[in-house]
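Quick look at input-v5.txt (compact mmCIF, C-alpha atoms):
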```txt
# COMPACT_ATOMS: atom_id res chain seq x y z
CA MET A 805 -83.85 75.36 90.90
CA ARG A 806 -86.41 73.34 92.79
CA LYS A 807 -89.71 75.15 93.17
CA PRO A 808 -91.04 75.13 96.75
CA PRO A 809 -94.44 73.47 97.13
CA VAL A 810 -96.11 76.68 98.25
CA GLN A 811 -95.10 78.37 95.00
CA THR A 812 -96.61 75.86 92.62
CA TYR A 813 -99.90 77.71 92.46
CA GLN A 814 -98.09 80.68 90.94
CA ASP A 815 -98.53 78.72 87.73
CA ILE A 816 -102.17 79.72 87.89
CA PHE A 817 -101.20 83.16 86.66
CA LYS A 818 -100.24 81.60 83.35
CA GLU A 819 -103.84 80.60 82.85
CA LYS A 820 -105.31 83.43 84.83
CA VAL A 821 -109.04 83.82 84.62
CA GLY A 822 -110.07 87.45 84.85
CA PHE A 823 -110.69 88.97 88.27
CA GLU A 824 -113.80 90.67 86.84
CA TYR A 825 -115.30 87.27 86.01
CA PHE A 826 -115.13 86.04 89.62
CA ARG A 827 -116.12 89.42 91.00
CA ASN A 828 -119.27 89.44 88.86
CA LYS A 829 -120.12 85.88 89.85
CA LEU A 830 -119.78 86.72 93.54
CA LYS A 831 -121.80 89.94 93.19
CA LEU A 832 -124.56 88.08 91.39
CA ARG A 833 -124.57 85.37 94.03
CA ASN A 834 -124.78 87.96 96.82
CA LEU A 835 -127.77 89.59 95.11
CA GLU A 836 -129.48 86.19 95.05
CA GLU A 837 -128.61 85.64 98.73
CA GLU A 838 -130.03 89.06 99.61
CA LYS A 839 -133.25 88.41 97.73
CA SER A 840 -133.79 85.03 99.31
CA PHE A 841 -132.85 86.31 102.80
CA PHE A 842 -135.40 89.10 102.73
CA GLU A 843 -138.07 86.86 101.19
CA ASN A 844 -137.58 84.25 103.89
CA PHE A 845 -137.28 86.72 106.76
CA PRO A 846 -139.43 89.77 105.95
CA LYS A 847 -139.43 90.98 109.58
CA ALA A 848 -135.64 91.07 109.54
CA LYS A 849 -135.78 93.06 106.32
CA ALA A 850 -137.79 95.78 108.08
CA LYS A 851 -135.28 95.98 110.92
CA PHE A 852 -132.31 96.20 108.56
CA ALA A 853 -134.05 98.92 106.55
CA GLU A 854 -134.92 100.85 109.71
CA ARG A 855 -131.21 100.99 110.69
CA LYS A 856 -130.08 101.58 107.10
CA VAL A 857 -127.74 98.61 107.45
CA GLY A 858 -127.16 95.81 104.97
CA PHE A 859 -124.86 92.81 104.84
CA LYS A 860 -122.54 94.79 102.59
CA ASN A 861 -121.82 97.35 105.28
CA ILE A 862 -122.42 95.35 108.47
CA ARG A 863 -118.68 95.22 109.21
CA SER A 864 -118.20 98.98 108.95
CA HIS A 865 -121.42 99.43 110.99
CA SER A 866 -119.86 97.21 113.68
CA ALA A 867 -116.56 99.08 113.47
CA LYS A 868 -118.28 102.43 114.03
CA LEU A 869 -120.24 101.12 117.02
CA LEU A 870 -117.13 99.54 118.51
CA GLY A 871 -115.07 102.68 118.02
CA ALA A 872 -117.73 104.83 119.67
CA GLY A 873 -118.02 102.35 122.56
CA ILE A 874 -114.29 102.33 123.18
CA LEU A 875 -114.04 106.13 123.22
CA SER A 876 -116.97 106.51 125.58
CA GLY A 877 -115.67 103.72 127.84
CA SER A 878 -118.83 101.71 127.50
CA PHE A 879 -117.14 98.97 125.51
CA LEU A 880 -117.65 95.62 127.19
CA LEU A 881 -117.92 92.97 124.47
CA GLY A 882 -119.90 90.64 126.62
CA THR A 883 -117.43 90.26 129.45
CA PRO A 884 -118.40 92.96 131.92
CA SER A 885 -117.07 91.15 134.95
CA ALA A 886 -113.66 90.62 133.38
CA THR A 887 -113.21 94.30 132.61
CA LYS A 888 -114.51 95.52 135.94
CA SER A 889 -112.21 93.34 137.96
CA LEU A 890 -108.99 94.29 136.17
CA PRO A 891 -106.11 94.55 138.61
CA GLU A 892 -104.20 97.78 139.12
CA PRO A 893 -100.83 97.86 137.31
CA HIS A 894 -98.86 97.45 140.56
CA GLU A 895 -100.92 94.37 141.42
CA ILE A 896 -100.06 92.55 138.21
CA TYR A 897 -96.46 91.95 139.11
CA ASN A 898 -93.95 93.53 141.38
CA TYR A 899 -90.23 93.58 141.81
CA ALA A 900 -90.37 90.54 144.04
CA ASP A 901 -90.81 88.71 140.74
CA LEU A 902 -87.33 89.78 139.80
CA ASN A 903 -86.05 88.13 142.98
CA ASP A 904 -87.85 85.02 141.83
CA ALA A 905 -86.20 85.45 138.46
CA LEU A 906 -82.82 85.27 140.13
CA ALA A 907 -83.66 82.54 142.62
CA GLY A 908 -85.42 80.26 140.19
CA LEU A 909 -83.53 81.25 137.07
CA LYS A 910 -86.86 82.42 135.77
CA PHE A 911 -86.75 84.23 132.49
CA LYS A 912 -88.19 87.69 132.14
CA ASN A 913 -90.36 86.26 129.36
CA ASP A 914 -92.20 84.25 131.99
CA ILE A 915 -92.79 87.33 134.09
CA LEU A 916 -94.28 89.13 131.13
CA ARG A 917 -96.30 86.12 129.99
CA SER A 918 -97.78 85.45 133.43
CA SER A 919 -98.48 89.17 133.93
CA ILE A 920 -100.45 89.61 130.73
CA GLU A 921 -102.27 86.32 131.24
CA LYS A 922 -104.09 87.94 134.17
CA ILE A 923 -105.44 90.69 131.93
CA LEU A 924 -106.26 88.99 128.64
CA PRO A 925 -109.69 87.47 127.99
CA GLU A 926 -110.00 83.80 127.14
CA VAL A 927 -111.59 84.46 123.76
CA VAL A 928 -109.67 86.65 121.34
CA ARG A 929 -111.47 89.97 120.99
CA PRO A 930 -110.65 93.69 120.69
CA LEU A 931 -109.51 95.01 124.08
CA SER A 932 -110.97 97.94 125.98
CA ARG A 933 -108.93 101.13 126.42
CA ASN A 934 -108.51 100.25 130.09
CA GLU A 935 -107.08 96.82 129.29
CA GLU A 936 -104.80 98.29 126.65
CA LYS A 937 -103.45 100.96 129.02
CA ILE A 938 -102.49 98.36 131.63
CA LEU A 939 -100.83 96.19 128.99
CA GLU A 940 -98.86 99.16 127.64
CA TYR A 941 -97.60 99.78 131.16
CA VAL A 942 -96.60 96.17 131.78
CA VAL A 943 -94.92 95.73 128.38
CA LYS A 944 -92.95 98.95 128.75
CA ASP A 945 -91.87 98.08 132.27
CA VAL A 946 -90.65 94.59 131.41
CA THR A 947 -89.18 95.14 127.94
CA GLY A 948 -88.16 98.77 128.28
CA MET A 949 -89.86 99.61 125.01
CA SER A 950 -92.47 102.33 124.74
CA VAL A 951 -95.52 100.84 123.03
CA LYS A 952 -98.95 102.34 122.37
CA ALA A 953 -102.30 100.92 121.35
CA SER A 954 -103.12 104.35 119.90
CA LEU A 955 -100.41 106.43 118.30
CA GLU A 956 -100.97 109.89 116.86
CA GLY A 957 -104.71 109.20 117.04
CA GLU A 958 -104.50 105.98 115.03
CA HIS A 959 -105.57 102.62 116.40
CA LEU A 960 -105.23 99.17 114.88
CA ASN A 961 -108.25 97.06 114.01
CA THR A 962 -107.49 95.11 117.17
CA THR A 963 -104.55 94.82 119.57
CA PHE A 964 -105.23 91.23 120.64
CA GLY A 965 -105.68 88.64 117.94
CA VAL A 966 -104.42 85.63 116.05
CA ILE A 967 -101.33 85.89 113.86
CA GLY A 968 -100.74 83.63 110.87
CA ALA A 969 -97.63 82.81 108.87
CA GLU A 970 -97.13 84.75 105.64
CA GLN A 971 -94.77 84.21 102.73
CA HIS A 972 -91.90 86.43 101.69
CA LEU A 973 -92.82 89.51 99.65
CA LYS A 974 -91.29 90.55 96.36
CA ARG A 975 -88.95 93.47 97.14
CA PHE A 976 -88.33 94.60 93.56
CA PRO A 977 -89.30 93.44 90.04
CA GLY A 978 -87.62 90.13 89.33
CA ASP A 979 -86.97 89.31 93.00
CA ASN A 980 -86.79 85.61 93.85
CA MET A 981 -86.25 83.36 96.84
CA SER A 982 -82.57 82.74 96.17
CA SER A 983 -81.68 86.18 97.53
CA HIS A 984 -83.97 86.11 100.54
CA GLY A 985 -81.37 85.14 103.10
CA ASP A 986 -81.50 82.10 105.33
CA GLU A 987 -82.31 78.86 103.49
CA LYS A 988 -84.36 77.59 106.40
CA TYR A 989 -87.13 79.96 105.29
CA TYR A 990 -87.03 78.73 101.69
CA ASN A 991 -90.07 76.51 102.11
CA SER A 992 -92.18 79.49 103.14
CA GLY A 993 -92.01 80.63 99.53
CA MET A 994 -92.87 84.00 98.06
CA ALA A 995 -96.33 85.53 97.79
CA PRO A 996 -97.48 85.47 94.14
CA GLY A 997 -98.84 89.02 94.32
CA LEU A 998 -97.43 92.21 95.77
CA GLY A 999 -98.04 93.56 99.25
CA ALA A 1000 -100.55 96.39 99.75
CA TRP A 1001 -97.73 98.94 99.30
CA GLY A 1002 -96.28 97.34 96.17
CA TYR A 1003 -92.58 96.72 95.68
CA PHE A 1004 -90.17 97.90 98.36
CA ALA A 1005 -87.86 99.36 95.69
CA LYS A 1006 -88.16 100.10 91.98
CA SER A 1007 -85.24 97.84 91.06
CA GLU A 1008 -82.64 95.52 92.56
CA GLU A 1009 -80.11 98.37 92.38
CA ALA A 1010 -82.41 100.65 94.36
CA ILE A 1011 -82.92 98.25 97.28
CA THR A 1012 -81.24 99.38 100.52
CA GLU A 1013 -80.18 97.47 103.64
CA SER A 1014 -83.00 99.16 105.50
CA LEU A 1015 -85.60 97.95 102.97
CA ILE A 1016 -84.14 94.43 103.06
CA GLU A 1017 -84.61 94.46 106.84
CA THR A 1018 -88.14 95.84 106.41
CA GLU A 1019 -89.17 92.90 104.22
CA LYS A 1020 -87.37 90.45 106.49
CA TRP A 1021 -89.27 91.67 109.55
CA TYR A 1022 -92.59 92.57 107.98
CA ALA A 1023 -96.08 92.29 109.43
CA VAL A 1024 -99.59 92.27 108.03
CA VAL A 1025 -102.39 94.22 109.74
CA GLN A 1026 -106.06 94.63 108.83
CA THR A 1027 -105.97 98.19 107.57
CA LEU A 1028 -108.81 97.29 105.19
CA TYR A 1029 -111.21 97.00 108.14
CA LEU A 1030 -110.34 100.34 109.74
CA PRO A 1031 -113.60 102.30 109.89
CA ASP A 1032 -112.10 105.37 108.24
CA TRP A 1033 -109.74 103.60 105.83
CA ASN A 1034 -111.65 104.64 102.70
CA THR A 1035 -112.37 108.20 103.78
CA ARG A 1036 -108.90 109.23 105.02
CA GLN A 1037 -106.75 108.49 102.03
CA PRO A 1038 -103.93 108.89 101.15
CA TYR A 1039 -103.06 109.92 104.73
CA LEU A 1040 -103.74 106.53 106.33
CA LYS A 1041 -101.97 104.56 103.64
CA ASN A 1042 -98.86 106.68 104.10
CA TRP A 1043 -99.13 106.61 107.88
CA TYR A 1044 -99.27 102.81 108.04
CA LYS A 1045 -96.58 102.18 105.44
CA HIS A 1046 -93.67 100.44 107.22
CA ARG A 1047 -95.06 101.59 110.59
CA LYS A 1048 -93.21 99.86 113.42
CA ILE A 1049 -95.24 97.55 115.61
CA MET A 1050 -94.32 95.22 118.45
CA ILE A 1051 -95.76 91.72 118.19
CA LEU A 1052 -95.80 89.79 121.44
CA ASN A 1053 -96.53 86.07 121.61
CA VAL A 1054 -98.78 85.79 124.67
CA GLU A 1055 -97.98 82.08 125.08
CA ASN A 1056 -94.23 82.48 125.61
CA GLY A 1057 -93.49 86.20 125.96
CA ASN A 1058 -91.32 86.37 122.82
CA ALA A 1059 -91.51 89.78 121.18
CA VAL A 1060 -90.42 91.20 117.86
CA VAL A 1061 -90.48 94.65 116.28
CA ALA A 1062 -91.87 94.44 112.74
CA ALA A 1063 -92.79 96.87 109.96
CA VAL A 1064 -96.27 96.95 108.44
CA ALA A 1065 -95.86 96.01 104.77
CA ASP A 1066 -99.14 94.36 103.77
CA SER A 1067 -102.85 94.54 104.50
CA GLY A 1068 -104.89 91.57 105.70
CA PRO A 1069 -105.74 88.85 106.49
CA ALA A 1070 -109.39 88.57 105.47
CA ALA A 1071 -111.74 88.38 108.49
CA TRP A 1072 -112.99 84.91 107.50
CA THR A 1073 -109.56 83.28 107.84
CA GLY A 1074 -109.83 83.36 111.64
CA LYS A 1075 -106.68 85.49 111.80
CA HIS A 1076 -106.08 89.17 112.51
CA PHE A 1077 -102.39 89.65 111.76
CA GLY A 1078 -99.66 88.13 109.64
CA GLY A 1079 -95.93 87.78 110.07
CA SER A 1080 -93.00 87.15 107.73
CA PRO A 1081 -91.23 83.77 108.04
CA GLU A 1082 -88.55 85.41 110.20
CA VAL A 1083 -91.11 87.11 112.46
CA MET A 1084 -92.98 83.83 112.98
CA ASP A 1085 -89.77 81.91 113.62
CA TYR A 1086 -88.72 84.29 116.38
CA LEU A 1087 -92.18 84.36 117.93
CA GLY A 1088 -92.64 80.61 118.15
CA GLY A 1089 -90.09 78.64 116.15
CA ILE A 1090 -89.81 77.45 112.58
CA LYS A 1091 -93.01 75.36 112.84
CA TYR A 1092 -95.06 78.16 114.40
CA LYS A 1093 -97.85 78.97 111.93
CA LYS A 1094 -100.59 80.50 114.06
CA GLY A 1095 -101.05 81.82 117.57
CA ARG A 1096 -102.42 84.49 119.89
CA VAL A 1097 -100.47 87.74 120.00
CA LEU A 1098 -100.64 91.28 121.24
CA VAL A 1099 -99.78 94.02 118.76
CA PHE A 1100 -98.89 97.59 119.70
CA PHE A 1101 -97.39 100.53 117.83
CA VAL A 1102 -93.79 101.25 118.77
CA ASP A 1103 -93.47 104.86 119.93
CA ASP A 1104 -90.26 105.66 118.10
CA PRO A 1105 -90.34 109.27 116.85
CA GLU A 1106 -86.58 109.35 116.27
CA ASN A 1107 -86.56 106.02 114.42
CA LYS A 1108 -84.03 104.48 116.79
CA VAL A 1109 -85.69 101.14 117.51
CA PRO A 1110 -84.30 98.46 115.17
CA LEU A 1111 -86.53 95.90 113.50
CA GLY A 1112 -86.20 92.32 114.72
CA PRO A 1113 -86.22 90.44 118.02
CA VAL A 1114 -86.74 92.31 121.27
CA GLU A 1115 -83.98 90.77 123.36
CA TYR A 1116 -85.37 91.51 126.77
CA GLY A 1117 -85.80 87.90 127.78
CA LYS A 1118 -82.28 87.09 128.92
CA ILE A 1119 -81.75 86.41 132.60
CA PRO A 1120 -80.93 89.87 133.98
CA SER A 1121 -77.39 90.46 135.12
CA LEU A 1122 -77.01 90.59 138.88
CA ALA A 1123 -75.96 94.25 138.85
CA ASN A 1124 -78.92 95.35 136.73
CA THR A 1125 -81.38 93.33 138.74
CA LEU A 1126 -80.16 94.65 142.05
CA ALA A 1127 -80.32 98.17 140.67
CA ASP A 1128 -83.93 97.53 139.63
CA VAL A 1129 -84.88 96.06 142.97
CA LEU A 1130 -83.22 98.73 145.12
CA MET B 841 -111.91 98.15 114.65
CA SER B 842 -114.15 95.58 113.08
CA LYS B 843 -115.74 92.45 114.42
CA ILE B 844 -118.79 90.28 113.92
CA PHE B 845 -119.73 88.03 116.82
CA PHE B 846 -119.13 84.82 114.83
CA ASP B 847 -115.77 85.81 113.29
CA HIS B 848 -113.81 83.46 115.53
CA LEU B 849 -115.97 80.51 114.46
CA ILE B 850 -115.29 80.78 110.72
CA GLU B 851 -111.96 79.81 109.17
CA ILE B 852 -111.88 79.36 105.41
CA GLU B 853 -108.16 79.56 104.80
CA GLU B 854 -108.40 77.50 101.61
CA ILE B 855 -110.29 80.30 99.84
CA LYS B 856 -107.68 82.87 100.82
CA ILE B 857 -104.87 80.71 99.41
CA TYR B 858 -106.85 80.15 96.23
CA ILE B 859 -107.50 83.88 95.75
CA ASP B 860 -103.81 84.62 96.35
CA GLY B 861 -103.17 82.37 93.39
CA ILE B 862 -105.67 83.85 90.97
CA VAL B 863 -105.50 87.56 91.76
CA GLU B 864 -102.22 89.46 91.78
CA ASP B 865 -103.39 93.00 92.43
CA HIS B 866 -103.88 93.72 96.12
CA ASP B 867 -106.90 96.00 95.72
CA GLU B 868 -108.64 93.41 93.57
CA LYS B 869 -107.87 90.79 96.19
CA GLU B 870 -109.43 92.93 98.93
CA ASP B 871 -112.46 93.47 96.69
CA LEU B 872 -113.00 89.71 96.47
CA TRP B 873 -112.38 89.31 100.22
CA ASN B 874 -115.18 91.81 100.93
CA LEU B 875 -117.60 90.06 98.57
CA ILE B 876 -116.84 86.74 100.25
CA ASP B 877 -117.33 88.40 103.64
CA GLU B 878 -120.77 89.57 102.50
CA PHE B 879 -121.60 86.06 101.27
CA ILE B 880 -120.55 84.56 104.62
CA ASN B 881 -122.63 87.10 106.56
CA TYR B 882 -125.77 86.25 104.55
CA ASN B 883 -125.21 82.54 105.04
CA MET B 884 -124.45 82.73 108.74
CA ILE B 885 -127.38 84.96 109.67
CA SER B 886 -129.91 83.15 107.49
CA SER B 887 -128.74 79.75 108.81
CA ILE B 888 -129.02 81.01 112.40
CA LEU B 889 -132.52 82.37 111.75
CA THR B 890 -133.56 79.09 110.14
CA ALA B 891 -132.31 77.15 113.17
CA LEU B 892 -133.81 79.59 115.69
CA ASP B 893 -137.45 79.46 116.82
CA GLU B 894 -139.49 82.18 115.12
CA GLU B 895 -140.40 83.95 118.38
CA SER B 896 -136.71 84.75 118.95
CA HIS B 897 -136.08 86.16 115.45
CA SER B 898 -136.91 89.74 116.29
CA GLU B 899 -134.86 89.74 119.51
CA PHE B 900 -131.85 88.20 117.78
CA VAL B 901 -131.91 90.61 114.82
CA THR B 902 -132.19 93.57 117.21
CA MET B 903 -129.23 92.30 119.25
CA PHE B 904 -127.23 91.77 116.08
CA LEU B 905 -127.93 95.22 114.67
CA ASP B 906 -127.32 96.91 118.04
CA LYS B 907 -123.97 95.25 118.69
CA PRO B 908 -122.85 93.05 115.79
CA TYR B 909 -119.54 92.45 117.61
CA ASP B 910 -121.00 91.35 120.94
CA LEU B 911 -119.91 87.88 122.09
CA GLU B 912 -122.97 87.78 124.36
CA ILE B 913 -124.94 86.96 121.19
CA THR B 914 -123.21 83.57 121.03
CA LYS B 915 -124.33 82.83 124.60
CA TYR B 916 -127.87 83.95 123.72
CA LEU B 917 -127.91 81.64 120.69
CA ASP B 918 -126.37 78.72 122.58
CA SER B 919 -129.27 78.91 125.03
CA ARG B 920 -131.86 78.83 122.24
CA LEU B 921 -130.46 76.66 119.46
CA ALA B 922 -130.74 72.87 119.44
CA VAL B 923 -126.96 72.63 118.87
CA PRO B 924 -124.21 74.99 120.06
CA LEU B 925 -123.48 77.86 117.66
CA SER B 926 -119.92 76.58 117.20
CA THR B 927 -121.27 73.27 115.86
CA LEU B 928 -123.75 75.02 113.59
CA ALA B 929 -120.96 77.33 112.36
CA LYS B 930 -118.75 74.38 111.41
CA ASP B 931 -121.58 72.92 109.31
CA ILE B 932 -122.20 76.26 107.64
CA GLU B 933 -118.45 76.70 107.06
CA LYS B 934 -118.30 73.38 105.24
CA LYS B 935 -121.32 74.25 103.11
CA MET B 936 -119.90 77.68 102.28
CA LEU B 937 -116.55 76.22 101.31
CA TYR B 938 -118.28 73.97 98.77
CA GLU B 939 -120.41 76.83 97.45
CA LEU B 940 -117.51 79.26 97.19
CA SER B 941 -115.47 76.55 95.57
CA GLU B 942 -118.20 76.28 92.95
CA ILE B 943 -118.47 80.05 92.41
CA LEU B 944 -114.70 80.45 92.13
CA GLU B 945 -114.42 77.30 90.02
CA ALA B 946 -111.89 75.86 92.43
CA ASP B 947 -111.51 72.32 93.68
CA LEU B 948 -111.30 72.98 97.40
CA LYS B 949 -111.84 70.41 100.13
CA PRO B 950 -113.05 71.00 103.67
CA LYS B 951 -110.33 70.87 106.34
CA ASN B 952 -111.31 67.44 107.58
CA ALA B 953 -111.08 65.89 104.13
CA LYS B 954 -107.88 63.98 103.39
CA SER B 955 -105.26 66.54 102.41
CA LYS B 956 -103.74 66.12 98.99
CA SER B 957 -100.95 68.18 97.49
CA ARG B 958 -101.72 71.87 97.02
CA LYS B 959 -101.45 71.48 93.26
CA LYS B 960 -104.17 68.86 93.33
CA ARG B 961 -106.33 70.96 95.66
CA LEU B 962 -106.23 73.89 93.25
CA LYS B 963 -107.80 73.18 89.89
CA LEU B 964 -105.36 74.70 87.45
```
Translate this structure into structure tokens?
Amino acid sequence: MRKPPVQTYQDIFKEKVGFEYFRNKLKLRNLEEEKSFFENFPKAKAKFAERKVGFKNIRSHSAKLLGAGILSGSFLLGTPSATKSLPEPHEIYNYADLNDALAGLKFKNDILRSSIEKILPEVVRPLSRNEEKILEYVVKDVTGMSVKASLEGEHLNTTFGVIGAEQHLKRFPGDNMSSHGDEKYYNSGMAPGLGAWGYFAKSEEAITESLIETEKWYAVVQTLYLPDWNTRQPYLKNWYKHRKIMILNVENGNAVVAAVADSGPAAWTGKHFGGSPEVMDYLGGIKYKKGRVLVFFVDDPENKVPLGPVEYGKIPSLANTLADVL
Amino acid sequence: MSKIFFDHLIEIEEIKIYIDGIVEDHDEKEDLWNLIDEFINYNMISSILTALDEESHSEFVTMFLDKPYDLEITKYLDSRLAVPLSTLAKDIEKKMLYELSEILEADLKPKNAKSKSRKKRLKL
């Protein structure tokens, strides 16, 4: 069988150089960087020492400050005017839009897209609680799905960010691309390593339809950057495993329900989320590799919401629309 | 929630793909990601301080430690640096890609270099 181009680097494993070797090299290099930084900028050294912050923990320091700011409502991220002038939910769109939908054959996707456009900042950044609340309201009202930025006290690293295309994940030992469904996703390939939660099943015999769907519609979120990720284990790892989230493409209004099955991407990739080939295809088409999305938890205590596309974007039937308007 | 004010200016996807190829275990992968993050933070802040006039050092470091996530810092730097922060960041990104490529013993090219096949880009 032909090996897809993205899988060729799996050959590296055959000549794998130890992880410890690279880890030690990087650690050594960071020690050198630290030494030279504090030699060159001694005043900065004093300030870092005063705050008990170093470059090793600057990200968790930022996470703690951000978390505290969001809870106290003082979180502004440099755009005070944008947050202050947020419209009230009823001002964002109204049912007259549904009349427009009928008159102009406008899709509901457009209503959602244009509604959230008014709220979202130009630069991708974590949203304030106020912004998230309004978005929850709008998304629920248009799609009919209950979504939350915070669920059971848990909050994602960010709700507004950039999603990138991921490869398929190995579902069980010995899994390969030939059994991963639609051939159009073959070129996406399979990730050489396992996801953060390992295999989906112990063996091919143990894989269920539900787990096949979970891998098909999987998402990647930055659990590694959660401020309490290391201190609240194993609770958080279990809580996030296959947790349902809604991913909404803010450019076209397409939405999909996915299950969290891997952790990442690294902060320095310019991305905040990842999606399986199927997730990315539904969000933006087969060539869609990267884009701005909103991500919320799906509030589904009875596990009734299926994974996959959120088919709210069809032109509403006349009867339903009239019922909504009246 | 985690953010550094320059996160959106740095994209070193090549390193991520390379690490995916050399490390199978997810925890080990995250360990390397964090070390690279630390390396990037050192390089970004020291390059900014080098480019910034010395009188502004103290103010900038205080702003950074107070609110490392604050996008206002980019505006502050844009008003004081000779080139916009985004331009400086792209230069630093290129330099870091070469340095990380050396540390990880990989043959990685900056994004604007002519793309060759992935097999050629990764030194096997």
Using all atoms listed in the file, find the residues of chain A whose closest atom to chain B is at most 7 Å away, then write them as a short mmCIF file (atom, residue, chain, number, x, y, z; two decimals) with C-alpha atoms, in the coordinates of the input.
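Result file is selection.cif:
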```
data_model
loop_
_atom_site.label_atom_id
_atom_site.label_comp_id
_atom_site.auth_asym_id
_atom_site.auth_seq_id
_atom_site.Cartn_x
_atom_site.Cartn_y
_atom_site.Cartn_z
CA THR A 812 -96.61 75.86 92.62
CA TYR A 813 -99.90 77.71 92.46
CA GLN A 814 -98.09 80.68 90.94
CA ILE A 816 -102.17 79.72 87.89
CA PHE A 817 -101.20 83.16 86.66
CA LYS A 820 -105.31 83.43 84.83
CA PHE A 823 -110.69 88.97 88.27
CA PHE A 826 -115.13 86.04 89.62
CA ARG A 827 -116.12 89.42 91.00
CA LYS A 829 -120.12 85.88 89.85
CA LEU A 830 -119.78 86.72 93.54
CA LYS A 831 -121.80 89.94 93.19
CA ASN A 834 -124.78 87.96 96.82
CA GLU A 837 -128.61 85.64 98.73
CA PHE A 841 -132.85 86.31 102.80
CA ALA A 848 -135.64 91.07 109.54
CA PHE A 859 -124.86 92.81 104.84
CA LYS A 860 -122.54 94.79 102.59
CA ARG A 863 -118.68 95.22 109.21
CA SER A 864 -118.20 98.98 108.95
CA SER A 866 -119.86 97.21 113.68
CA ALA A 867 -116.56 99.08 113.47
CA LEU A 870 -117.13 99.54 118.51
CA GLY A 871 -115.07 102.68 118.02
CA LEU A 881 -117.92 92.97 124.47
CA GLY A 882 -119.90 90.64 126.62
CA LEU A 960 -105.23 99.17 114.88
CA ASN A 961 -108.25 97.06 114.01
CA THR A 962 -107.49 95.11 117.17
CA PRO A 996 -97.48 85.47 94.14
CA GLY A 997 -98.84 89.02 94.32
CA LEU A 998 -97.43 92.21 95.77
CA GLY A 999 -98.04 93.56 99.25
CA ALA A 1000 -100.55 96.39 99.75
CA TYR A 1029 -111.21 97.00 108.14
CA LEU A 1030 -110.34 100.34 109.74
CA PRO A 1031 -113.60 102.30 109.89
CA ALA A 1070 -109.39 88.57 105.47
CA ALA A 1071 -111.74 88.38 108.49
CA TRP A 1072 -112.99 84.91 107.50
CA THR A 1073 -109.56 83.28 107.84
CA GLY A 1074 -109.83 83.36 111.64
#
```
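A straight line drawn from CA of Met981 in chain A to CA of Met994 in chain A is 6.8 Å long.
The spacing separating CA of Phe1077 in chain A from CA of His1046 in chain A amounts to 14.6 Å.
With distances taken over all atoms listed in the file, B:Ile932 is the one residue among B:Ala946, B:Ile932, B:Met903, B:Leu937 lying closest to Ile888 in chain B.
CA of Asp1104 in chain A to CA of Val951 in chain A spans 8.7 Å [interatomic distance, one decimal].
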TODO: Identify, on the basis of only C-alpha atoms, every residue whose closest approach to Arg975 in chain A does not exceed 7 Å; exclude the query and any residue fewer than 6 positions from it along the same chain; express the result as a PyMOL selection string.
DONE: chain A and resi 1003-1005
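For the set B:Leu892, B:Leu948, B:Ala922, B:Leu917, the residue with the smallest atom-to-atom gap to Lys935 in chain B is B:Leu948, counting only C-alpha atoms.
For Glu1008 in chain A, the residues within 7 Å (counting all atoms listed in the file, excluding itself and residues fewer than 2 positions away along the chain) are Phe976, Ala1010 and Ile1011 of chain A.
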